[in-house]
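Text of upload-v8.tsv (TSV, C-alpha atoms and all ligand atoms) as supplied:
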```tsv
chain	number	residue	atom	x	y	z
A	1	MET	CA	125.12	157.41	57.12
A	2	LYS	CA	125.46	155.28	53.98
A	3	ARG	CA	122.05	154.91	52.41
A	4	ILE	CA	118.83	156.92	52.52
A	5	ALA	CA	115.41	156.59	50.91
A	6	VAL	CA	113.14	159.24	49.45
A	7	LEU	CA	109.47	159.11	48.52
A	8	THR	CA	106.73	161.46	47.34
A	9	SER	CA	103.26	160.79	48.70
A	10	GLY	CA	99.65	161.97	48.58
A	11	GLY	CA	98.52	164.69	46.18
A	12	ASP	CA	101.40	165.70	43.92
A	13	SER	CA	102.60	169.28	43.63
A	14	SER	CA	104.92	171.13	41.28
A	15	GLY	CA	108.47	171.32	42.59
A	16	MET	CA	108.52	167.76	43.91
A	17	ASN	CA	110.99	166.80	41.17
A	18	ALA	CA	113.30	169.69	42.01
A	19	CYS	CA	113.18	168.51	45.59
A	20	VAL	CA	113.90	164.84	44.78
A	21	ARG	CA	116.76	165.99	42.56
A	22	ALA	CA	118.21	168.07	45.39
A	23	VAL	CA	117.95	165.14	47.81
A	24	VAL	CA	119.71	162.83	45.36
A	25	ARG	CA	122.46	165.26	44.37
A	26	LYS	CA	123.15	166.33	47.95
A	27	ALA	CA	123.22	162.72	49.20
A	28	LEU	CA	125.53	161.60	46.38
A	29	SER	CA	127.86	164.50	47.15
A	30	GLU	CA	128.05	163.13	50.72
A	31	ASN	CA	128.87	159.66	49.35
A	32	MET	CA	125.53	158.19	50.26
A	33	GLU	CA	123.32	155.94	48.17
A	34	VAL	CA	119.72	156.95	47.50
A	35	VAL	CA	116.82	154.56	47.12
A	36	GLY	CA	113.83	156.11	45.36
A	37	ILE	CA	110.59	154.56	46.58
A	38	GLN	CA	107.91	154.64	43.90
A	39	LYS	CA	104.23	155.45	44.44
A	40	GLY	CA	104.63	156.77	47.98
A	41	TYR	CA	103.83	154.57	50.97
A	42	GLN	CA	102.01	152.11	48.71
A	43	GLY	CA	105.26	151.47	46.85
A	44	LEU	CA	107.08	151.13	50.16
A	45	ILE	CA	104.63	148.46	51.27
A	46	ASP	CA	104.71	146.78	47.84
A	47	ARG	CA	108.55	147.06	47.58
A	48	GLN	CA	108.73	149.21	44.49
A	49	TYR	CA	112.18	150.79	44.61
A	50	MET	CA	114.91	152.10	42.35
A	51	ILE	CA	118.49	153.16	43.06
A	52	MET	CA	118.88	156.78	42.05
A	53	ASP	CA	122.00	158.20	40.46
A	54	THR	CA	122.46	161.63	38.87
A	55	ARG	CA	121.06	160.30	35.59
A	56	ALA	CA	117.81	159.40	37.35
A	57	VAL	CA	117.26	163.06	38.18
A	58	SER	CA	118.57	164.71	35.05
A	59	GLY	CA	116.13	166.83	33.02
A	60	VAL	CA	113.46	166.80	35.72
A	61	LEU	CA	113.60	170.33	37.11
A	62	GLN	CA	111.07	171.74	34.66
A	63	LYS	CA	108.65	168.83	34.96
A	64	GLY	CA	105.46	169.00	36.99
A	65	GLY	CA	104.17	165.92	38.82
A	66	THR	CA	106.62	163.53	40.44
A	67	ILE	CA	109.05	161.20	38.69
A	68	LEU	CA	108.75	158.88	41.70
A	69	HIS	CA	104.96	158.78	41.25
A	70	SER	CA	102.59	159.13	44.16
A	71	ALA	CA	99.56	157.48	45.73
A	72	ARG	CA	97.09	157.86	48.54
A	73	CYS	CA	97.70	154.83	50.74
A	74	GLN	CA	95.00	153.47	53.06
A	75	ALA	CA	97.27	150.66	54.25
A	76	MET	CA	99.71	153.12	55.83
A	77	MET	CA	96.97	154.24	58.21
A	78	GLY	CA	96.75	150.83	59.88
A	79	GLU	CA	99.12	148.83	62.06
A	80	PRO	CA	99.89	145.98	59.59
A	81	GLY	CA	100.77	148.40	56.77
A	82	GLN	CA	102.95	150.50	59.06
A	83	LYS	CA	104.81	147.42	60.31
A	84	LEU	CA	105.40	146.24	56.77
A	85	ALA	CA	106.67	149.67	55.76
A	86	VAL	CA	109.19	149.63	58.62
A	87	GLU	CA	110.28	146.05	57.87
A	88	ASN	CA	110.81	146.91	54.21
A	89	LEU	CA	112.91	149.96	55.09
A	90	GLN	CA	114.99	147.84	57.46
A	91	GLY	CA	115.34	145.23	54.72
A	92	LEU	CA	116.62	147.93	52.39
A	93	GLY	CA	119.30	148.83	54.92
A	94	VAL	CA	118.52	152.54	54.83
A	95	ASP	CA	119.75	154.83	57.61
A	96	GLY	CA	117.06	157.43	57.04
A	97	VAL	CA	113.99	158.38	55.00
A	98	ILE	CA	112.82	161.65	53.49
A	99	VAL	CA	109.07	161.96	52.93
A	100	ILE	CA	107.83	164.68	50.58
A	101	GLY	CA	104.08	165.31	50.81
A	102	GLY	CA	101.09	166.89	52.50
A	103	GLU	CA	99.39	166.45	55.84
A	104	GLY	CA	98.62	162.71	55.58
A	105	SER	CA	102.11	161.97	54.24
A	106	LEU	CA	103.73	163.86	57.11
A	107	LYS	CA	101.58	161.90	59.52
A	108	GLY	CA	103.06	158.78	57.93
A	109	ALA	CA	106.53	160.27	58.40
A	110	LEU	CA	105.81	160.79	62.09
A	111	THR	CA	104.64	157.18	62.34
A	112	LEU	CA	107.87	155.90	60.75
A	113	TRP	CA	109.88	158.04	63.15
A	114	LYS	CA	107.91	156.77	66.15
A	115	ARG	CA	108.59	153.23	64.96
A	116	GLY	CA	112.32	153.87	64.99
A	117	ILE	CA	113.11	154.98	61.42
A	118	PRO	CA	115.08	158.27	61.25
A	119	THR	CA	112.72	160.37	59.15
A	120	ILE	CA	112.55	163.93	57.84
A	121	GLY	CA	109.40	165.45	56.35
A	122	ILE	CA	109.19	167.98	53.53
A	123	PRO	CA	105.86	169.89	53.22
A	124	ALA	CA	104.42	169.66	49.71
A	125	SER	CA	100.77	170.47	49.09
A	126	ILE	CA	99.13	173.14	46.98
A	127	ASP	CA	96.63	173.82	49.80
A	128	ASN	CA	99.26	175.57	51.97
A	129	ASP	CA	97.59	174.04	54.99
A	130	ILE	CA	100.70	172.69	56.76
A	131	ALA	CA	101.79	174.37	59.99
A	132	TYR	CA	105.39	175.47	60.65
A	133	THR	CA	106.01	176.61	57.09
A	134	ASN	CA	104.84	179.80	55.42
A	135	MET	CA	104.84	178.09	52.05
A	136	SER	CA	104.54	174.44	51.10
A	137	LEU	CA	106.07	173.13	47.90
A	138	GLY	CA	103.79	173.66	44.89
A	139	VAL	CA	101.66	176.49	46.26
A	140	ASP	CA	103.31	179.20	44.19
A	141	THR	CA	102.98	177.25	40.93
A	142	ALA	CA	99.35	176.42	41.70
A	143	LEU	CA	98.64	180.12	42.27
A	144	ASN	CA	100.28	181.00	38.97
A	145	ASN	CA	98.14	178.36	37.25
A	146	ILE	CA	95.03	179.80	38.88
A	147	ILE	CA	95.70	183.41	37.92
A	148	TYR	CA	96.42	182.43	34.32
A	149	ALA	CA	93.04	180.71	34.08
A	150	VAL	CA	91.15	183.43	35.93
A	151	ASP	CA	92.65	186.24	33.82
A	152	CYS	CA	91.31	184.43	30.74
A	153	LEU	CA	87.91	184.01	32.37
A	154	LYS	CA	87.73	187.69	33.28
A	155	ASP	CA	88.22	188.65	29.63
A	156	THR	CA	85.21	186.69	28.49
A	157	ALA	CA	83.17	187.65	31.58
A	158	SER	CA	83.73	191.33	30.69
A	159	SER	CA	82.64	190.83	27.08
A	160	HIS	CA	79.36	189.28	28.21
A	161	SER	CA	78.76	191.24	31.44
A	162	ARG	CA	78.67	188.09	33.50
A	163	ALA	CA	79.57	186.96	36.97
A	164	MET	CA	82.19	184.18	37.09
A	165	VAL	CA	82.38	181.70	39.93
A	166	VAL	CA	85.73	179.90	40.10
A	167	GLU	CA	86.38	176.93	42.38
A	168	THR	CA	89.91	176.36	43.63
A	169	MET	CA	91.28	173.40	45.57
A	170	GLY	CA	91.62	173.65	49.34
A	171	ARG	CA	89.75	171.09	51.40
A	172	SER	CA	90.08	172.81	54.74
A	173	CYS	CA	92.09	175.88	53.86
A	174	GLY	CA	91.06	178.85	51.72
A	175	TYR	CA	94.59	180.11	51.07
A	176	LEU	CA	94.48	179.53	47.29
A	177	ALA	CA	91.07	181.20	47.00
A	178	VAL	CA	92.03	184.27	49.05
A	179	VAL	CA	95.44	184.88	47.49
A	180	SER	CA	94.16	184.38	43.95
A	181	ALA	CA	91.21	186.67	44.77
A	182	ILE	CA	93.68	189.41	45.72
A	183	ALA	CA	95.89	188.73	42.70
A	184	CYS	CA	92.99	188.69	40.23
A	185	GLY	CA	90.86	191.45	41.70
A	186	ALA	CA	87.95	189.24	42.73
A	187	GLU	CA	84.97	190.68	44.57
A	188	PHE	CA	84.59	187.74	46.92
A	189	ALA	CA	86.55	184.80	48.30
A	190	ILE	CA	84.41	182.08	49.86
A	191	VAL	CA	86.58	180.03	52.21
A	192	PRO	CA	86.11	177.19	54.71
A	193	GLU	CA	87.45	179.38	57.52
A	194	ALA	CA	84.44	181.72	57.53
A	195	PRO	CA	80.69	181.51	56.87
A	196	PHE	CA	79.44	183.37	53.81
A	197	ASP	CA	76.31	185.41	53.26
A	198	ILE	CA	74.92	184.71	49.80
A	199	ASP	CA	72.35	187.51	50.10
A	200	ALA	CA	75.09	190.06	50.78
A	201	ILE	CA	77.04	188.71	47.80
A	202	CYS	CA	73.98	189.03	45.55
A	203	GLU	CA	73.23	192.53	46.76
A	204	ASN	CA	76.82	193.55	46.01
A	205	LEU	CA	76.68	191.97	42.55
A	206	ARG	CA	73.49	193.81	41.77
A	207	SER	CA	74.91	197.18	42.73
A	208	ARG	CA	78.14	196.51	40.82
A	209	PHE	CA	76.25	195.89	37.61
A	210	ARG	CA	74.00	198.88	38.32
A	211	GLU	CA	77.18	200.99	38.51
A	212	GLY	CA	78.08	199.72	35.06
A	213	ARG	CA	80.82	197.23	35.95
A	214	ASP	CA	81.04	194.62	33.25
A	215	ASN	CA	82.15	191.59	35.28
A	216	SER	CA	82.30	190.13	38.76
A	217	LEU	CA	84.51	187.40	40.10
A	218	ILE	CA	83.86	185.07	42.99
A	219	MET	CA	86.59	182.67	44.10
A	220	VAL	CA	85.38	179.64	46.06
A	221	ALA	CA	87.57	177.15	47.90
A	222	GLU	CA	86.32	173.59	47.38
A	223	GLY	CA	86.08	173.06	51.15
A	224	ALA	CA	83.62	175.95	51.52
A	225	ALA	CA	81.10	175.38	48.74
A	226	LYS	CA	80.68	174.01	45.25
A	227	ALA	CA	80.98	176.56	42.45
A	228	GLN	CA	77.84	175.09	40.88
A	229	ASP	CA	75.82	175.67	44.06
A	230	VAL	CA	77.07	179.25	44.40
A	231	ALA	CA	76.28	179.97	40.73
A	232	ASP	CA	72.81	178.44	41.12
A	233	MET	CA	72.11	180.48	44.26
A	234	ILE	CA	73.07	183.70	42.47
A	235	LYS	CA	70.93	182.83	39.48
A	236	ASP	CA	67.95	181.87	41.64
A	237	ARG	CA	68.14	184.98	43.79
A	238	ILE	CA	68.86	187.72	41.27
A	239	GLY	CA	68.59	186.01	37.89
A	240	PHE	CA	72.11	186.97	37.00
A	241	GLU	CA	73.88	185.44	34.04
A	242	THR	CA	76.57	183.45	35.80
A	243	ARG	CA	79.21	181.02	34.52
A	244	LEU	CA	81.52	178.83	36.53
A	245	MET	CA	84.76	176.94	36.32
A	246	VAL	CA	86.07	174.20	38.59
A	247	LEU	CA	89.85	174.39	38.26
A	248	GLY	CA	90.38	170.96	39.82
A	249	HIS	CA	93.57	169.04	39.20
A	250	TYR	CA	94.76	171.55	36.59
A	251	GLN	CA	96.06	173.54	39.56
A	252	ARG	CA	98.43	170.77	40.64
A	253	GLY	CA	100.30	170.33	37.37
A	254	GLY	CA	102.58	172.30	35.11
A	255	SER	CA	106.19	173.36	35.09
A	256	PRO	CA	107.17	174.62	38.55
A	257	SER	CA	107.79	178.34	39.12
A	258	VAL	CA	111.26	179.58	40.02
A	259	PHE	CA	110.04	179.94	43.60
A	260	ASP	CA	109.03	176.26	43.78
A	261	ARG	CA	112.23	175.06	42.10
A	262	MET	CA	114.27	177.03	44.63
A	263	LEU	CA	112.11	175.93	47.55
A	264	GLY	CA	112.38	172.30	46.45
A	265	ALA	CA	116.16	172.63	46.19
A	266	ARG	CA	116.48	174.26	49.60
A	267	PHE	CA	114.09	171.84	51.32
A	268	GLY	CA	115.81	168.81	49.76
A	269	VAL	CA	119.34	169.83	50.75
A	270	THR	CA	118.24	170.83	54.27
A	271	ALA	CA	116.46	167.49	54.73
A	272	VAL	CA	119.60	165.51	53.85
A	273	ASP	CA	121.66	167.75	56.15
A	274	ALA	CA	119.18	167.11	58.97
A	275	LEU	CA	119.68	163.35	58.60
A	276	LEU	CA	123.46	163.78	58.45
A	277	GLN	CA	123.40	165.94	61.57
A	278	ASN	CA	121.31	163.34	63.35
A	279	LYS	CA	118.18	165.48	63.66
A	280	PRO	CA	115.44	163.05	62.63
A	281	GLY	CA	111.76	163.43	63.53
A	282	ASN	CA	111.63	166.93	62.05
A	283	MET	CA	110.00	168.71	59.14
A	284	VAL	CA	111.79	171.35	57.12
A	285	GLY	CA	109.86	174.58	56.66
A	286	LEU	CA	110.17	178.09	55.33
A	287	LEU	CA	109.75	180.53	58.18
A	288	THR	CA	110.95	184.06	58.79
A	289	GLY	CA	114.69	183.92	58.73
A	290	GLY	CA	115.02	181.03	56.27
A	291	ILE	CA	114.66	177.26	56.25
A	292	ASN	CA	114.03	175.78	59.70
A	293	LEU	CA	113.49	172.41	61.31
A	294	ASN	CA	110.50	171.76	63.54
A	295	SER	CA	109.38	168.54	65.12
A	296	LEU	CA	106.90	166.47	63.13
A	297	GLU	CA	105.01	165.96	66.38
A	298	ASP	CA	104.51	169.75	66.73
A	299	VAL	CA	103.50	170.09	63.08
A	300	PHE	CA	100.90	167.39	63.53
A	301	LYS	CA	99.62	168.83	66.83
A	302	ALA	CA	99.26	172.32	65.31
A	303	GLY	CA	96.73	171.06	62.74
A	304	CYS	CA	95.68	173.06	59.70
A	305	ARG	CA	97.74	176.19	59.08
A	306	PRO	CA	95.51	179.29	59.29
A	307	ILE	CA	95.55	181.86	56.48
A	308	ASP	CA	98.00	184.62	57.45
A	309	ASP	CA	96.35	187.59	59.16
A	310	ALA	CA	98.30	189.95	56.90
A	311	VAL	CA	96.84	188.26	53.80
A	312	LEU	CA	93.32	188.48	55.20
A	313	LYS	CA	93.83	192.14	56.10
A	314	LEU	CA	95.15	192.87	52.62
A	315	ALA	CA	92.14	191.15	51.06
A	316	LYS	CA	89.78	193.22	53.21
A	317	THR	CA	91.59	196.47	52.42
A	318	LEU	CA	91.36	195.76	48.71
A	319	GLY	CA	87.65	195.02	48.88
A	320	VAL	CA	87.63	191.22	48.56
A	401	LIG	O1	95.62	167.86	49.31
A	401	LIG	C1	95.82	168.44	48.10
A	401	LIG	C2	94.61	168.31	47.23
A	401	LIG	O2	94.99	168.83	45.99
A	401	LIG	C3	93.33	168.98	47.75
A	401	LIG	O3	93.28	170.35	47.53
A	401	LIG	C4	92.25	168.23	47.02
A	401	LIG	O4	91.05	168.26	47.70
A	401	LIG	C5	92.81	166.85	46.98
A	401	LIG	O5	94.23	166.97	47.03
A	401	LIG	C6	92.43	166.05	45.74
A	401	LIG	O6	92.92	164.78	45.89
A	401	LIG	P1	92.97	163.66	44.77
A	401	LIG	O7	94.11	163.98	43.86
A	401	LIG	O8	93.18	162.40	45.50
A	401	LIG	O9	91.67	163.74	44.04
```
Before anything else, please render the file you have as structure tokens.
Ligand code: F6P
Amino acid sequence: MKRIAVLTSGGDSSGMNACVRAVVRKALSENMEVVGIQKGYQGLIDRQYMIMDTRAVSGVLQKGGTILHSARCQAMMGEPGQKLAVENLQGLGVDGVIVIGGEGSLKGALTLWKRGIPTIGIPASIDNDIAYTNMSLGVDTALNNIIYAVDCLKDTASSHSRAMVVETMGRSCGYLAVVSAIACGAEFAIVPEAPFDIDAICENLRSRFREGRDNSLIMVAEGAAKAQDVADMIKDRIGFETRLMVLGHYQRGGSPSVFDRMLGARFGVTAVDALLQNKPGNMVGLLTGGINLNSLEDVFKAGCRPIDDAVLKLAKTLGV
């Protein structure tokens, strides 16, 4: 194996740079060349590349975002785009590709593999919705971002005796909302995985304030409801003074946590090893017992990763 390519694709997440750095440094230590593909699959189709040496990845560990840039690429979903991507990789003379990204990006990785390109996927998405890994790259940093914001919001909510509705990301997975609800002491987590009863929420809010509590916190995953709608429903039903915050893309940025830097490093090195050991068509993941390889086909078939039962049980026990 002489030359490999690496790309970051889809929604960015903190720790991607640590991961790219690990891929580059590991590959160079094995006397391989690394081609960095810019702007994800779009850059692959448009032939935007750079050769990466150690200088290209120096000083990047602490940076959020991705130095390779990213994009959501419609063209990669269709036959002509996929063919062009494969042709361009063949033209580059690479012996393997490492794709760092979320669900759609890993689907692209599976496509490349099925079209004959030795490919390894690395799960990176703040939603933590990818199967065959307990944590995706960027989740921990996103959670730290969320709790910083929510702690600030709780201060002002207490001063004014208000209810705060906070919307997290998570299109089809409520992991961020549930874990941050536990970590911040929220009263409710509204998630796409379960229906919610706004009347029960209102009743609970009313009795909390009757008991003299000075704030209430409701975490909402974007895939379940809009914070504005939840706040409006509360106001309409019980006339409560409610404020809201949509955390949005703030959650995806910022300097990665130690956990994400380490995860990126471990994922990156394992991915290069997998190519060297001729184990393409797999995704690296963090499962009990360490970093594992599982087939991209299985990851894709499994669909959205459910929130861990233990996390849900903990939330219930603590009154979320
Ligand atoms: O998939 C990760 C994610 O951050 C989702 O939680 C969110 O819905 C989406 O990306 C936002 O995508 P974009 O950056 O394209 O607006």
Tell me, as a PDB file with C-alpha atoms, in the frame of the given file, which residues lie within 6 Å of segment 96-105 of chain A, counting all atoms listed in the file; anything in the same chain fewer than 5 positions away does not count.
```pdb
ATOM      1  CA  ILE A   4     118.830 156.920  52.520  1.00  0.00           C
ATOM      2  CA  ALA A   5     115.410 156.590  50.910  1.00  0.00           C
ATOM      3  CA  VAL A   6     113.140 159.240  49.450  1.00  0.00           C
ATOM      4  CA  LEU A   7     109.470 159.110  48.520  1.00  0.00           C
ATOM      5  CA  THR A   8     106.730 161.460  47.340  1.00  0.00           C
ATOM      6  CA  SER A   9     103.260 160.790  48.700  1.00  0.00           C
ATOM      7  CA  GLY A  10      99.650 161.970  48.580  1.00  0.00           C
ATOM      8  CA  PRO A 118     115.080 158.270  61.250  1.00  0.00           C
ATOM      9  CA  THR A 119     112.720 160.370  59.150  1.00  0.00           C
ATOM     10  CA  ILE A 120     112.550 163.930  57.840  1.00  0.00           C
ATOM     11  CA  GLY A 121     109.400 165.450  56.350  1.00  0.00           C
ATOM     12  CA  ILE A 122     109.190 167.980  53.530  1.00  0.00           C
ATOM     13  CA  PRO A 123     105.860 169.890  53.220  1.00  0.00           C
ATOM     14  CA  ALA A 124     104.420 169.660  49.710  1.00  0.00           C
ATOM     15  CA  SER A 125     100.770 170.470  49.090  1.00  0.00           C
TER      16      SER A 125
END
```
| said: Let me see if you get this right: every residue at most 7 Å from ligand LIG 401 (chain A), counting only C-alpha atoms and all ligand atoms, written as a PyMOL selection string. | reply: chain A and resi 11+72+102+125-127+169-171+249+252
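Taking atom CA of Ala302 of chain A and atom CA of Gly78 of chain A as the two end points, the separation is 22.3 Å.
Here the question is which of A:Val139, A:Val34, A:Ala85, A:Ile51 gets nearest to Arg261 of chain A using all atoms listed in the file, and that residue is A:Val139.
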| request: Can you work out which one of A:Lys316, A:Lys39, A:Arg47, A:Lys301 has the shortest atom-to-atom distance to His69 of chain A, counting all atoms listed in the file? | output: A:Lys39
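Going from atom CA of Leu275 of chain A to atom CA of Met77 of chain A covers 24.5 Å.
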| query | Got a sec to check which residues sit within 12 Å of (99.3, 152.0, 54.9), counting all atoms listed in the file, and write them as a ChimeraX atom specification? | reply | /A:9-10,40-46,71-86,104-105,107-109,111-112
| field | For Ala265 of chain A, the nearest of the candidates A:Gly36, A:Met283, A:Ile291, A:Lys226, counting all atoms listed in the file | value | A:Ile291
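A straight line drawn from atom CA of Met164 of chain A to atom CA of Gly65 of chain A is 28.6 Å long.
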| note | Shortest contact to Ile147 of chain A, candidates A:Leu293, A:Gly185, A:Val311, A:Asp12, atoms counted only C-alpha atoms, goes to A:Gly185
| Contacts of segment 128-131 of chain A at 9 Å or less, counting all atoms listed in the file, minus same-chain residues fewer than 3 places along, as a ChimeraX atom specification? | /A:102-103,123-125,134-139,170,172-176,285,298-300,302-307
Grab all the atoms of segment 279-288 of chain A that the file lists, wrap them in a box along x, y and z, add 3 Å per side, and give me centre plus edge lengths in Å (one decimal) as AutoDock Vina command-line options.
```
--center_x 114.0 --center_y 173.6 --center_z 59.5 --size_x 14.4 --size_y 27.0 --size_z 14.3
```
| message | For a quick check of understanding, using only C-alpha atoms, which of A:Ser58, A:Asn292, A:Ser216, A:Ser159 has the smallest distance to Ala231 of chain A? | response | A:Ser216
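Closest approach to Leu287 of chain A among A:Gln62, A:Cys152, A:Asp236, A:Leu263: A:Leu263, based on only C-alpha atoms.
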Find the residues around Ser180 of chain A up to 8 Å (all atoms listed in the file counted), leave out those fewer than 2 positions away in its own chain, and share them as a short mmCIF file (atom, residue, chain, number, x, y, z; two decimals) with C-alpha atoms, in the frame of the given file.
```cif
data_model
loop_
_atom_site.label_atom_id
_atom_site.label_comp_id
_atom_site.auth_asym_id
_atom_site.auth_seq_id
_atom_site.Cartn_x
_atom_site.Cartn_y
_atom_site.Cartn_z
CA LEU A 143 98.64 180.12 42.27
CA ILE A 146 95.03 179.80 38.88
CA ILE A 147 95.70 183.41 37.92
CA LEU A 176 94.48 179.53 47.29
CA ALA A 177 91.07 181.20 47.00
CA VAL A 178 92.03 184.27 49.05
CA ILE A 182 93.68 189.41 45.72
CA ALA A 183 95.89 188.73 42.70
CA CYS A 184 92.99 188.69 40.23
CA ALA A 186 87.95 189.24 42.73
CA MET A 219 86.59 182.67 44.10
#
```
